[in-house]
$ cat structure26.cif   # mmCIF, C-alpha atoms
data_final
#
loop_
_atom_site.label_atom_id
_atom_site.label_comp_id
_atom_site.auth_asym_id
_atom_site.auth_seq_id
_atom_site.Cartn_x
_atom_site.Cartn_y
_atom_site.Cartn_z
CA MET N 1 0.00 0.00 0.00
CA ILE N 2 1.16 3.46 -0.80
CA PRO N 3 0.26 5.47 2.32
CA SER N 4 -2.21 8.32 1.82
CA ASP N 5 0.57 10.56 3.14
CA HIS N 6 2.75 9.63 0.15
CA PHE N 7 0.13 9.53 -2.57
CA VAL N 8 1.35 12.84 -3.98
CA ARG N 9 4.83 11.45 -4.61
CA PHE N 10 3.34 8.48 -6.51
CA TYR N 11 1.06 10.86 -8.46
CA ASN N 12 4.19 12.85 -9.34
CA GLU N 13 5.79 9.71 -10.82
CA VAL N 14 2.64 9.00 -12.83
CA PHE N 15 2.79 12.55 -14.23
CA LYS N 16 6.43 12.10 -15.26
CA PHE N 17 5.60 8.87 -17.08
CA LEU N 18 2.55 10.31 -18.83
CA ASP N 19 4.25 13.56 -19.76
CA GLU N 20 6.86 11.59 -21.71
CA LYS N 21 4.00 9.95 -23.61
CA SER N 22 2.05 13.20 -24.06
CA GLY N 23 -0.71 11.55 -22.07
CA LEU N 24 -1.39 14.04 -19.29
CA GLU N 25 -4.57 15.64 -20.68
CA ASP N 26 -6.36 12.32 -21.07
CA TYR N 27 -5.35 11.28 -17.56
CA TYR N 28 -6.65 14.54 -16.08
CA ARG N 29 -10.04 13.76 -17.65
CA GLU N 30 -9.97 10.30 -16.05
CA ILE N 31 -9.19 11.82 -12.64
CA SER N 32 -11.97 14.34 -13.21
CA ARG N 33 -14.43 11.51 -13.89
CA HIS N 34 -13.26 9.83 -10.70
CA GLN N 35 -13.76 13.06 -8.72
CA GLU N 36 -17.29 13.36 -10.08
CA LYS N 37 -18.24 10.55 -7.70
CA HIS N 38 -17.20 12.71 -4.75
CA CYS N 39 -18.33 16.13 -5.93
CA LEU N 40 -20.55 16.49 -8.96
CA GLU N 41 -23.97 15.91 -7.44
CA ASN N 42 -23.13 18.23 -4.56
CA PHE N 43 -21.79 20.96 -6.86
CA LYS N 44 -24.78 20.73 -9.19
CA LYS N 45 -27.29 20.77 -6.35
CA ASN N 46 -25.67 23.29 -4.04
CA GLY N 47 -23.58 25.38 -6.43
CA LEU N 48 -20.86 27.51 -4.85
CA GLN N 49 -21.98 26.54 -1.34
CA GLY N 50 -21.37 22.90 -2.29
CA VAL N 51 -17.86 23.76 -3.45
CA TYR N 52 -17.24 25.69 -0.24
CA ASP N 53 -18.41 22.73 1.87
CA TYR N 54 -16.28 20.27 -0.11
CA TYR N 55 -13.14 22.38 0.30
CA LYS N 56 -13.80 22.85 3.99
CA THR N 57 -13.09 19.13 4.41
CA ILE N 58 -10.25 19.08 1.88
CA ILE N 59 -8.48 22.04 3.49
CA LYS N 60 -8.53 20.21 6.83
CA GLU N 61 -7.69 16.68 5.64
CA GLU N 62 -4.99 17.75 3.18
CA ASN N 63 -3.46 20.29 5.57
CA CYS N 64 -3.85 23.18 3.12
CA GLU N 65 -2.98 26.71 4.01
CA CYS N 66 -5.92 28.06 2.11
CA VAL N 67 -8.54 30.76 2.58
CA SER N 68 -11.94 29.96 1.17
CA GLU N 69 -14.43 32.83 1.22
CA PHE N 70 -17.36 34.28 -0.63
CA ALA N 71 -16.92 37.59 -2.41
CA GLY N 72 -20.58 38.44 -2.79
CA LYS N 73 -23.38 35.99 -3.61
CA HIS N 74 -22.01 34.76 -6.90
CA CYS N 75 -18.27 34.39 -6.30
CA LEU N 76 -16.25 31.97 -4.19
CA VAL N 77 -12.52 32.61 -3.86
CA LEU N 78 -10.08 29.82 -3.00
CA LYS N 79 -6.73 31.35 -2.20
CA MET N 80 -4.03 28.76 -1.56
CA THR N 81 -1.09 30.28 0.29
CA LYS N 82 0.72 26.96 0.74
CA CYS N 83 -0.33 24.00 -1.36
CA PRO N 84 0.50 20.79 0.53
CA SER N 85 0.42 18.76 -2.65
CA LEU N 86 3.03 20.74 -4.59
CA SER N 87 5.02 21.18 -1.37
CA LYS N 88 5.29 17.39 -1.05
CA ALA N 89 6.13 16.96 -4.71
CA MET N 90 8.96 19.42 -4.18
CA ASP N 91 10.11 17.85 -0.89
CA ASN N 92 10.84 14.62 -2.66
CA ASP N 93 14.02 12.64 -3.34
CA ALA N 94 12.56 11.61 -6.72
CA GLY N 95 12.37 15.24 -7.91
CA MET N 96 9.30 17.17 -8.99
CA CYS N 97 7.47 16.78 -12.29
CA GLN N 98 7.68 20.27 -13.80
CA LYS N 99 4.01 20.11 -14.81
CA TYR N 100 2.79 18.92 -11.41
CA CYS N 101 0.59 21.98 -10.79
CA LEU N 102 -1.35 21.56 -14.00
CA HIS N 103 -3.30 18.57 -12.73
CA CYS N 104 -5.42 20.83 -10.56
CA PRO N 105 -7.04 22.87 -13.34
CA GLY N 106 -6.79 19.68 -15.41
CA TRP N 107 -9.36 17.83 -13.34
CA THR N 108 -11.37 20.73 -11.93
CA ILE N 109 -12.13 22.45 -15.25
CA PRO N 110 -14.22 19.56 -16.68
CA LEU N 111 -15.93 19.06 -13.31
CA TYR N 112 -16.94 22.70 -12.81
CA THR N 113 -18.11 22.85 -16.40
CA LYS N 114 -20.44 19.88 -15.81
CA ALA N 115 -21.65 21.52 -12.59
CA GLY N 116 -22.51 24.75 -14.43
CA LEU N 117 -19.89 26.83 -12.63
CA TYR N 118 -17.37 29.25 -14.14
CA GLN N 119 -13.76 29.18 -13.09
CA VAL N 120 -10.85 31.57 -13.39
CA TYR N 121 -7.63 29.96 -12.24
CA ASP N 122 -4.41 31.86 -11.54
CA ILE N 123 -1.60 29.31 -11.34
CA MET N 124 0.98 31.78 -9.96
CA GLY N 125 3.97 29.71 -11.12
CA LEU N 126 4.63 25.99 -11.57
CA ASP N 127 7.22 25.86 -8.81
CA ASN N 128 5.32 28.10 -6.44
CA PRO N 129 2.97 26.32 -4.00
CA GLN N 130 0.41 29.09 -4.26
CA CYS N 131 -2.56 29.67 -6.52
CA CYS N 132 -5.92 31.39 -6.58
CA GLU N 133 -9.28 30.37 -8.01
CA TRP N 134 -12.37 32.49 -8.51
CA LEU N 135 -15.55 30.49 -9.01
CA TYR N 136 -18.82 31.95 -10.21
CA ASP N 137 -22.33 30.73 -10.86
CA GLU N 138 -22.79 33.39 -13.55
CA ILE N 139 -20.58 33.88 -16.57
CA GLU N 140 -20.44 37.68 -16.81
CA PRO N 141 -18.57 38.35 -13.53
CA ALA N 142 -16.23 35.45 -14.43
CA ARG N 143 -15.44 37.16 -17.73
CA ALA N 144 -14.92 40.46 -15.95
CA LYS N 145 -12.49 38.86 -13.46
CA TYR N 146 -10.56 37.20 -16.28
CA CYS N 147 -10.22 40.54 -18.11
CA GLU N 148 -9.17 42.27 -14.89
CA LEU N 149 -6.48 39.67 -14.17
CA LEU N 150 -5.14 39.81 -17.72
CA LYS N 151 -4.00 43.36 -17.05
CA THR N 152 -1.38 42.10 -14.60
CA ARG N 153 -0.82 38.46 -15.64
CA SER N 154 0.15 36.60 -18.77
CA VAL N 155 -2.43 34.51 -20.63
CA ASP N 156 -0.42 31.35 -19.85
CA GLN N 157 -0.78 31.92 -16.12
CA LEU N 158 -4.58 31.93 -16.29
CA GLN N 159 -6.95 29.09 -17.05
CA THR N 160 -10.72 29.22 -17.43
CA ASN N 161 -13.52 26.87 -18.39
CA PHE N 162 -15.25 29.36 -20.64
CA HIS N 163 -14.30 30.86 -23.96
CA GLU N 164 -13.43 34.48 -23.59
CA LYS N 165 -15.16 36.91 -25.97
CA MET R 1 14.66 8.65 11.26
CA LEU R 2 12.00 9.07 8.60
CA ARG R 3 12.88 11.13 5.54
CA TYR R 4 9.27 12.27 5.15
CA GLN R 5 7.84 13.52 8.43
CA GLU R 6 4.06 13.25 8.24
CA ASP R 7 2.00 13.70 11.37
CA LYS R 8 -0.89 15.97 10.43
CA GLU R 9 -4.37 15.18 9.11
CA LEU R 10 -4.81 12.24 6.74
CA HIS R 11 -6.80 12.32 3.50
CA LYS R 12 -7.63 8.65 2.97
CA ASP R 13 -9.64 9.37 -0.19
CA PHE R 14 -6.27 9.46 -1.96
CA HIS R 15 -6.59 5.66 -2.01
CA GLY R 16 -9.44 6.19 -4.47
CA THR R 17 -7.29 8.27 -6.82
CA THR R 18 -4.47 5.74 -6.53
CA ASN R 19 -6.93 2.98 -7.45
CA THR R 20 -8.17 4.92 -10.50
CA SER R 21 -4.56 5.57 -11.53
CA LEU R 22 -3.58 1.89 -11.24
CA ASN R 23 -6.43 0.89 -13.54
CA TYR R 24 -5.82 3.74 -15.95
CA ILE R 25 -2.12 3.02 -16.43
CA ALA R 26 -2.59 -0.76 -16.66
CA ASP R 27 -5.47 -0.49 -19.14
CA LYS R 28 -3.85 2.12 -21.35
CA TYR R 29 -0.13 1.34 -21.12
CA GLY R 30 -0.02 -2.20 -19.75
CA VAL R 31 0.76 -3.83 -16.43
CA GLU R 32 4.51 -3.73 -17.06
CA ALA R 33 4.36 0.07 -17.40
CA LEU R 34 2.47 0.24 -14.12
CA LYS R 35 5.08 -1.95 -12.44
CA THR R 36 7.83 0.31 -13.78
CA ILE R 37 6.20 3.42 -12.28
CA LEU R 38 5.63 1.74 -8.92
CA ARG R 39 9.13 0.30 -8.79
CA LYS R 40 10.58 3.71 -9.65
CA THR R 41 8.45 5.21 -6.87
CA GLY R 42 9.98 2.71 -4.43
CA HIS R 43 13.47 3.29 -5.73
CA ASP R 44 13.50 7.08 -6.07
CA VAL R 45 10.95 8.40 -3.58
CA TYR R 46 12.25 6.09 -0.86
CA LYS R 47 15.89 6.70 -1.68
CA SER R 48 16.67 7.26 1.98
CA ILE R 49 15.26 3.85 3.00
CA ARG R 50 17.05 2.16 0.07
CA GLU R 51 20.41 3.72 0.83
CA LYS R 52 20.17 2.59 4.44
CA LEU R 53 19.16 -0.93 3.37
CA ALA R 54 22.23 -1.01 1.12
CA LYS R 55 24.33 -0.45 4.23
CA GLY R 56 22.48 -3.20 6.10
CA ASP R 57 20.43 -0.70 8.13
CA ALA R 58 16.70 -1.47 8.07
CA SER R 59 15.77 1.09 10.73
CA GLU R 60 13.99 3.54 8.44
CA LEU R 61 12.10 0.77 6.66
CA ILE R 62 10.86 -0.55 10.01
CA GLU R 63 9.89 2.93 11.17
CA HIS R 64 8.17 3.59 7.82
CA LEU R 65 6.03 0.44 8.01
CA ASN R 66 5.17 0.98 11.65
CA TRP R 67 4.30 4.67 11.40
CA PHE R 68 2.40 4.89 8.16
CA PHE R 69 0.27 1.79 8.74
CA TYR R 70 -0.45 3.04 12.26
CA ARG R 71 -1.58 6.33 10.78
CA GLU R 72 -3.92 4.48 8.39
CA GLY R 73 -5.49 2.64 11.35
CA ALA R 74 -4.23 -0.78 10.29
CA GLU R 75 -4.07 -3.83 12.51
CA PHE R 76 -0.63 -5.32 11.93
CA LYS R 77 2.10 -7.44 13.42
CA LEU R 78 5.71 -6.42 12.88
CA THR R 79 8.37 -9.04 13.57
CA VAL R 80 11.99 -8.02 13.27
CA GLY R 81 14.70 -10.69 13.19
CA LYS R 82 18.40 -10.42 12.43
CA ASP R 83 18.02 -11.28 8.75
CA GLU R 84 14.30 -11.04 8.21
CA ILE R 85 11.48 -8.58 8.73
CA ASN R 86 7.89 -9.79 8.58
CA PHE R 87 5.09 -7.28 8.44
CA GLU R 88 1.65 -8.87 8.59
CA VAL R 89 -1.27 -6.59 7.76
CA MET R 90 -4.55 -8.14 8.82
CA GLU R 91 -6.72 -5.89 6.65
CA CYS R 92 -5.18 -3.57 4.07
CA PRO R 93 -6.27 -0.01 4.95
CA ALA R 94 -6.33 0.97 1.26
CA ILE R 95 -8.73 -1.85 0.34
CA ARG R 96 -10.83 -1.14 3.42
CA HIS R 97 -11.16 2.53 2.46
CA LEU R 98 -11.94 1.75 -1.19
CA LYS R 99 -14.83 -0.42 -0.01
CA LYS R 100 -15.99 2.41 2.25
CA LEU R 101 -16.02 4.70 -0.79
CA GLY R 102 -18.00 2.11 -2.75
CA LEU R 103 -15.15 1.50 -5.18
CA GLU R 104 -14.03 -1.86 -6.53
CA PRO R 105 -10.38 -2.43 -5.61
CA SER R 106 -8.22 -2.55 -8.72
CA PRO R 107 -6.99 -6.01 -9.75
CA HIS R 108 -3.56 -4.37 -9.52
CA VAL R 109 -3.99 -2.99 -6.00
CA CYS R 110 -1.36 -5.27 -4.44
CA LEU R 111 1.30 -4.18 -6.95
CA GLN R 112 1.58 -1.04 -4.82
CA THR R 113 3.17 -3.23 -2.18
CA THR R 114 5.13 -5.75 -4.23
CA GLU R 115 6.67 -3.26 -6.67
CA VAL R 116 7.29 -0.35 -4.29
CA ASN R 117 8.99 -2.75 -1.86
CA ALA R 118 11.04 -4.25 -4.70
CA GLY R 119 12.11 -0.74 -5.72
CA MET R 120 13.19 0.06 -2.16
CA CYS R 121 15.35 -3.09 -2.09
CA GLU R 122 16.88 -2.71 -5.56
CA GLY R 123 20.68 -2.79 -5.41
CA THR R 124 20.68 -3.72 -1.74
CA PRO R 125 21.31 -7.05 0.00
CA TRP R 126 17.61 -7.22 0.85
CA GLU R 127 14.97 -9.13 -1.07
CA SER R 128 11.27 -8.41 -0.71
CA SER R 129 8.29 -10.65 -1.24
CA VAL R 130 4.63 -10.67 -0.30
CA GLU R 131 2.66 -13.65 0.92
CA MET R 132 -1.07 -13.34 0.42
CA LYS R 133 -3.13 -14.73 3.27
CA GLY R 134 -6.52 -13.47 2.10
CA PRO R 135 -8.13 -10.80 -0.12
CA ALA R 136 -6.81 -7.89 2.00
CA HIS R 137 -4.53 -9.80 4.35
CA CYS R 138 -0.85 -10.23 3.56
CA VAL R 139 2.63 -10.54 4.97
CA GLN R 140 5.34 -8.30 3.59
CA ILE R 141 8.67 -10.06 3.89
CA PHE R 142 12.13 -8.52 3.69
CA LYS R 143 15.07 -10.94 3.77
CA LEU R 144 18.72 -10.06 4.06
CA GLU R 145 20.20 -12.59 1.74
CA LYS R 146 21.53 -11.41 -1.57
CA LYS R 147 24.77 -9.65 -2.42
CA SER R 148 24.32 -5.99 -3.39
#

$ encode --input "structure26.cif" --output "structure tokens"
Amino acid sequence: MIPSDHFVRFYNEVFKFLDEKSGLEDYYREISRHQEKHCLENFKKNGLQGVYDYYKTIIKEENCECVSEFAGKHCLVLKMTKCPSLSKAMDNDAGMCQKYCLHCPGWTIPLYTKAGLYQVYDIMGLDNPQCCEWLYDEIEPARAKYCELLKTRSVDQLQTNFHEK
Amino acid sequence: MLRYQEDKELHKDFHGTTNTSLNYIADKYGVEALKTILRKTGHDVYKSIREKLAKGDASELIEHLNWFFYREGAEFKLTVGKDEINFEVMECPAIRHLKKLGLEPSPHVCLQTTEVNAGMCEGTPWESSVEMKGPAHCVQIFKLEKKS
């Protein structure tokens, strides 16, 4: 058994293998389908509140340094100040997969899309265990946030699950 | 002393993602590819354990088994002899949690143990094996016998 504590370092090895085979995107979709079992019904039924409740447990169990708060009725902000997952991938004798961070938007984007939520994801650097997500249940404020962020960030740093006008 | 100090909260649902990953890799790239990844995980991630084993020092391996299975809530029996370590796990915590989640354990679930342990022992005088006693009940065996 790979201990839950060390899952991240196994995941990191899977990413390295798949990256060499250009197979990461397909794998992210598989993980997203797996996560649907845990989250999709809740997210569809309860919207942003469902996401907030889900992350309340995740933040505790995964030892995240993360602030999760509503910014008005239609926006939930998840600000990760120390990602435990990337931190473990970095604190690792096997070395970090350079694309490690990308799995997060990789599996959440299809899931939020199916749940009818709009996501703007600021990765903040692939070797920086920090990121920020803005989640909306309406598309217009999501578009506005994306445009606002583009003024200070590169396109590559931002990911969304909607096509920008 | 353990290389990876983990003593905070535990997210056991990671067993579910591991299970999905085992099936995905085996189905898409074959069981040998899966074994390669797991063996590399044992070899590279647990470099510290492996390097100690190469010097005949099993202390970190023993601490690793004891601590991480304790954290997972496993019932186990650890027997340490001069040339052999037996670690009997009465009910695998990963399989137990998969069942709790309503997931079918992967047919490859035990490769986590056999291949990761083999990777830890690679290039050392230790040889690993696993004796299955039941569907989620096994004995992990480490024998000091071969030349490194």

$ closest_residue --input "structure26.cif" --among "N:Ile2, N:Cys66, N:Leu149, N:Val51" --to "Ala115 (chain N)" --atoms "only C-alpha atoms"
N:Val51

$ closest_atom_pairs --input "structure26.cif" --of "chain R" --to "chain N" --cutoff "6 Å" --atoms "all atoms listed in the file" --output "JSON lines"
{"residue": "R:Glu9", "atom": "CA", "partner": "N:Glu61", "partner_atom": "CA", "distance": 5.0}
{"residue": "R:Leu10", "atom": "CA", "partner": "N:Glu61", "partner_atom": "CA", "distance": 5.4}
{"residue": "R:His11", "atom": "CA", "partner": "N:Glu61", "partner_atom": "CA", "distance": 4.9}
{"residue": "R:Lys12", "atom": "CA", "partner": "N:Ser4", "partner_atom": "CA", "distance": 5.6}
{"residue": "R:Phe14", "atom": "CA", "partner": "N:Ser4", "partner_atom": "CA", "distance": 5.7}
{"residue": "R:Asp44", "atom": "CA", "partner": "N:Ala94", "partner_atom": "CA", "distance": 4.7}
{"residue": "R:Val45", "atom": "CA", "partner": "N:Ala94", "partner_atom": "CA", "distance": 4.8}
{"residue": "R:Gln112", "atom": "CA", "partner": "N:Met1", "partner_atom": "CA", "distance": 5.2}
{"residue": "R:Thr113", "atom": "CA", "partner": "N:Met1", "partner_atom": "CA", "distance": 5.0}

$ axis_aligned_box --input "structure26.cif" --around "region 62-74 of chain N" --padding-each-side "3 Å" --output "JSON"
{"center_x": -13.2, "center_y": 28.1, "center_z": -0.7, "size_x": 26.4, "size_y": 26.7, "size_z": 18.5}

$ closest_residue --input "structure26.cif" --among "N:Met124, N:Cys131, N:Leu117, N:Ala142" --to "Lys45 (chain N)" --atoms "all atoms listed in the file"
N:Leu117

$ residues_around --input "structure26.cif" --residues "region 34-42 of chain R" --least-positions-apart "6" --cutoff "6 Å" --atoms "only C-alpha atoms" --output "list in words"
Ile25, Ala26, Glu115, Val116, Gly119 and Met120 of chain R

$ closest_residue --input "structure26.cif" --among "R:His43, R:Trp126, R:Glu6, R:Lys99" --to "Lys55 (chain R)" --atoms "all atoms listed in the file"
R:Trp126

$ residues_around --input "structure26.cif" --residues "Gly116 (chain N)" --least-positions-apart "3" --cutoff "12 Å" --atoms "all atoms listed in the file" --output "VMD selection string"
chain N and resid 40 to 48 51 109 to 113 119 135 to 139 161 to 162

$ write_last_selection --input "structure26.cif" --atoms "C-alpha atoms" --output "mmCIF file, in the coordinates of the input"
data_model
loop_
_atom_site.group_PDB
_atom_site.id
_atom_site.type_symbol
_atom_site.label_atom_id
_atom_site.label_comp_id
_atom_site.auth_asym_id
_atom_site.auth_seq_id
_atom_site.Cartn_x
_atom_site.Cartn_y
_atom_site.Cartn_z
ATOM 1 C CA LEU N 40 -20.550 16.490 -8.960
ATOM 2 C CA GLU N 41 -23.970 15.910 -7.440
ATOM 3 C CA ASN N 42 -23.130 18.230 -4.560
ATOM 4 C CA PHE N 43 -21.790 20.960 -6.860
ATOM 5 C CA LYS N 44 -24.780 20.730 -9.190
ATOM 6 C CA LYS N 45 -27.290 20.770 -6.350
ATOM 7 C CA ASN N 46 -25.670 23.290 -4.040
ATOM 8 C CA GLY N 47 -23.580 25.380 -6.430
ATOM 9 C CA LEU N 48 -20.860 27.510 -4.850
ATOM 10 C CA VAL N 51 -17.860 23.760 -3.450
ATOM 11 C CA ILE N 109 -12.130 22.450 -15.250
ATOM 12 C CA PRO N 110 -14.220 19.560 -16.680
ATOM 13 C CA LEU N 111 -15.930 19.060 -13.310
ATOM 14 C CA TYR N 112 -16.940 22.700 -12.810
ATOM 15 C CA THR N 113 -18.110 22.850 -16.400
ATOM 16 C CA GLN N 119 -13.760 29.180 -13.090
ATOM 17 C CA LEU N 135 -15.550 30.490 -9.010
ATOM 18 C CA TYR N 136 -18.820 31.950 -10.210
ATOM 19 C CA ASP N 137 -22.330 30.730 -10.860
ATOM 20 C CA GLU N 138 -22.790 33.390 -13.550
ATOM 21 C CA ILE N 139 -20.580 33.880 -16.570
ATOM 22 C CA ASN N 161 -13.520 26.870 -18.390
ATOM 23 C CA PHE N 162 -15.250 29.360 -20.640
#

$ residues_around --input "structure26.cif" --residues "Ala71 (chain N)" --least-positions-apart "3" --cutoff "12 Å" --atoms "only C-alpha atoms" --output "list in words"
Leu48, Val67, Ser68, His74, Cys75, Leu76, Val77, Leu78, Lys79, Glu133, Trp134, Leu135, Tyr136, Pro141 and Lys145 of chain N

$ atom_distance --input "structure26.cif" --atom1 "CA of Tyr54 (chain N)" --atom2 "CA of Phe70 (chain N)"
14.1 Å

$ residues_around --input "structure26.cif" --residues "region 130-144 of chain R" --least-positions-apart "4" --cutoff "12 Å" --atoms "all atoms listed in the file" --output "ChimeraX atom specification"
/N:1 /R:53-58,61-62,65,74-99,105-107,109-118,120-122,124-126,148

$ write_last_selection --input "structure26.cif" --atoms "C-alpha atoms" --output "PDB file, keeping the file's coordinate frame"
ATOM      1  CA  MET N   1       0.000   0.000   0.000  1.00  0.00           C
TER       2      MET N   1
ATOM      3  CA  LEU R  53      19.160  -0.930   3.370  1.00  0.00           C
ATOM      4  CA  ALA R  54      22.230  -1.010   1.120  1.00  0.00           C
ATOM      5  CA  LYS R  55      24.330  -0.450   4.230  1.00  0.00           C
ATOM      6  CA  GLY R  56      22.480  -3.200   6.100  1.00  0.00           C
ATOM      7  CA  ASP R  57      20.430  -0.700   8.130  1.00  0.00           C
ATOM      8  CA  ALA R  58      16.700  -1.470   8.070  1.00  0.00           C
ATOM      9  CA  LEU R  61      12.100   0.770   6.660  1.00  0.00           C
ATOM     10  CA  ILE R  62      10.860  -0.550  10.010  1.00  0.00           C
ATOM     11  CA  LEU R  65       6.030   0.440   8.010  1.00  0.00           C
ATOM     12  CA  ALA R  74      -4.230  -0.780  10.290  1.00  0.00           C
ATOM     13  CA  GLU R  75      -4.070  -3.830  12.510  1.00  0.00           C
ATOM     14  CA  PHE R  76      -0.630  -5.320  11.930  1.00  0.00           C
ATOM     15  CA  LYS R  77       2.100  -7.440  13.420  1.00  0.00           C
ATOM     16  CA  LEU R  78       5.710  -6.420  12.880  1.00  0.00           C
ATOM     17  CA  THR R  79       8.370  -9.040  13.570  1.00  0.00           C
ATOM     18  CA  VAL R  80      11.990  -8.020  13.270  1.00  0.00           C
ATOM     19  CA  GLY R  81      14.700 -10.690  13.190  1.00  0.00           C
ATOM     20  CA  LYS R  82      18.400 -10.420  12.430  1.00  0.00           C
ATOM     21  CA  ASP R  83      18.020 -11.280   8.750  1.00  0.00           C
ATOM     22  CA  GLU R  84      14.300 -11.040   8.210  1.00  0.00           C
ATOM     23  CA  ILE R  85      11.480  -8.580   8.730  1.00  0.00           C
ATOM     24  CA  ASN R  86       7.890  -9.790   8.580  1.00  0.00           C
ATOM     25  CA  PHE R  87       5.090  -7.280   8.440  1.00  0.00           C
ATOM     26  CA  GLU R  88       1.650  -8.870   8.590  1.00  0.00           C
ATOM     27  CA  VAL R  89      -1.270  -6.590   7.760  1.00  0.00           C
ATOM     28  CA  MET R  90      -4.550  -8.140   8.820  1.00  0.00           C
ATOM     29  CA  GLU R  91      -6.720  -5.890   6.650  1.00  0.00           C
ATOM     30  CA  CYS R  92      -5.180  -3.570   4.070  1.00  0.00           C
ATOM     31  CA  PRO R  93      -6.270  -0.010   4.950  1.00  0.00           C
ATOM     32  CA  ALA R  94      -6.330   0.970   1.260  1.00  0.00           C
ATOM     33  CA  ILE R  95      -8.730  -1.850   0.340  1.00  0.00           C
ATOM     34  CA  ARG R  96     -10.830  -1.140   3.420  1.00  0.00           C
ATOM     35  CA  HIS R  97     -11.160   2.530   2.460  1.00  0.00           C
ATOM     36  CA  LEU R  98     -11.940   1.750  -1.190  1.00  0.00           C
ATOM     37  CA  LYS R  99     -14.830  -0.420  -0.010  1.00  0.00           C
ATOM     38  CA  PRO R 105     -10.380  -2.430  -5.610  1.00  0.00           C
ATOM     39  CA  SER R 106      -8.220  -2.550  -8.720  1.00  0.00           C
ATOM     40  CA  PRO R 107      -6.990  -6.010  -9.750  1.00  0.00           C
ATOM     41  CA  VAL R 109      -3.990  -2.990  -6.000  1.00  0.00           C
ATOM     42  CA  CYS R 110      -1.360  -5.270  -4.440  1.00  0.00           C
ATOM     43  CA  LEU R 111       1.300  -4.180  -6.950  1.00  0.00           C
ATOM     44  CA  GLN R 112       1.580  -1.040  -4.820  1.00  0.00           C
ATOM     45  CA  THR R 113       3.170  -3.230  -2.180  1.00  0.00           C
ATOM     46  CA  THR R 114       5.130  -5.750  -4.230  1.00  0.00           C
ATOM     47  CA  GLU R 115       6.670  -3.260  -6.670  1.00  0.00           C
ATOM     48  CA  VAL R 116       7.290  -0.350  -4.290  1.00  0.00           C
ATOM     49  CA  ASN R 117       8.990  -2.750  -1.860  1.00  0.00           C
ATOM     50  CA  ALA R 118      11.040  -4.250  -4.700  1.00  0.00           C
ATOM     51  CA  MET R 120      13.190   0.060  -2.160  1.00  0.00           C
ATOM     52  CA  CYS R 121      15.350  -3.090  -2.090  1.00  0.00           C
ATOM     53  CA  GLU R 122      16.880  -2.710  -5.560  1.00  0.00           C
ATOM     54  CA  THR R 124      20.680  -3.720  -1.740  1.00  0.00           C
ATOM     55  CA  PRO R 125      21.310  -7.050   0.000  1.00  0.00           C
ATOM     56  CA  TRP R 126      17.610  -7.220   0.850  1.00  0.00           C
ATOM     57  CA  SER R 148      24.320  -5.990  -3.390  1.00  0.00           C
TER      58      SER R 148
END

$ build_atoms --input "structure26.cif" --residues "region 11-22 of chain N" --atoms "N, CA and C atoms" --output "PDB file, keeping the file's coordinate frame"
ATOM      1  N   TYR N  11       1.748  10.050  -7.432  1.00  0.00           N
ATOM      2  CA  TYR N  11       1.060  10.860  -8.460  1.00  0.00           C
ATOM      3  C   TYR N  11       2.117  11.570  -9.335  1.00  0.00           C
ATOM      4  N   ASN N  12       3.094  12.131  -8.673  1.00  0.00           N
ATOM      5  CA  ASN N  12       4.190  12.850  -9.340  1.00  0.00           C
ATOM      6  C   ASN N  12       4.938  11.932 -10.311  1.00  0.00           C
ATOM      7  N   GLU N  13       5.121  10.669  -9.925  1.00  0.00           N
ATOM      8  CA  GLU N  13       5.790   9.710 -10.820  1.00  0.00           C
ATOM      9  C   GLU N  13       4.881   9.349 -11.998  1.00  0.00           C
ATOM     10  N   VAL N  14       3.582   9.263 -11.739  1.00  0.00           N
ATOM     11  CA  VAL N  14       2.640   9.000 -12.830  1.00  0.00           C
ATOM     12  C   VAL N  14       2.690  10.150 -13.840  1.00  0.00           C
ATOM     13  N   PHE N  15       2.727  11.378 -13.337  1.00  0.00           N
ATOM     14  CA  PHE N  15       2.790  12.550 -14.230  1.00  0.00           C
ATOM     15  C   PHE N  15       4.049  12.509 -15.094  1.00  0.00           C
ATOM     16  N   LYS N  16       5.179  12.158 -14.490  1.00  0.00           N
ATOM     17  CA  LYS N  16       6.430  12.100 -15.260  1.00  0.00           C
ATOM     18  C   LYS N  16       6.312  11.096 -16.394  1.00  0.00           C
ATOM     19  N   PHE N  17       5.759   9.930 -16.070  1.00  0.00           N
ATOM     20  CA  PHE N  17       5.600   8.870 -17.080  1.00  0.00           C
ATOM     21  C   PHE N  17       4.681   9.339 -18.202  1.00  0.00           C
ATOM     22  N   LEU N  18       3.543   9.915 -17.830  1.00  0.00           N
ATOM     23  CA  LEU N  18       2.550  10.310 -18.830  1.00  0.00           C
ATOM     24  C   LEU N  18       3.019  11.513 -19.652  1.00  0.00           C
ATOM     25  N   ASP N  19       3.756  12.390 -19.031  1.00  0.00           N
ATOM     26  CA  ASP N  19       4.250  13.560 -19.760  1.00  0.00           C
ATOM     27  C   ASP N  19       5.162  13.114 -20.903  1.00  0.00           C
ATOM     28  N   GLU N  20       5.972  12.105 -20.652  1.00  0.00           N
ATOM     29  CA  GLU N  20       6.860  11.590 -21.710  1.00  0.00           C
ATOM     30  C   GLU N  20       6.057  11.003 -22.865  1.00  0.00           C
ATOM     31  N   LYS N  21       4.844  10.565 -22.580  1.00  0.00           N
ATOM     32  CA  LYS N  21       4.000   9.950 -23.610  1.00  0.00           C
ATOM     33  C   LYS N  21       2.930  10.920 -24.102  1.00  0.00           C
ATOM     34  N   SER N  22       3.055  12.177 -23.721  1.00  0.00           N
ATOM     35  CA  SER N  22       2.050  13.200 -24.060  1.00  0.00           C
ATOM     36  C   SER N  22       0.646  12.746 -23.647  1.00  0.00           C
TER      37      SER N  22
END
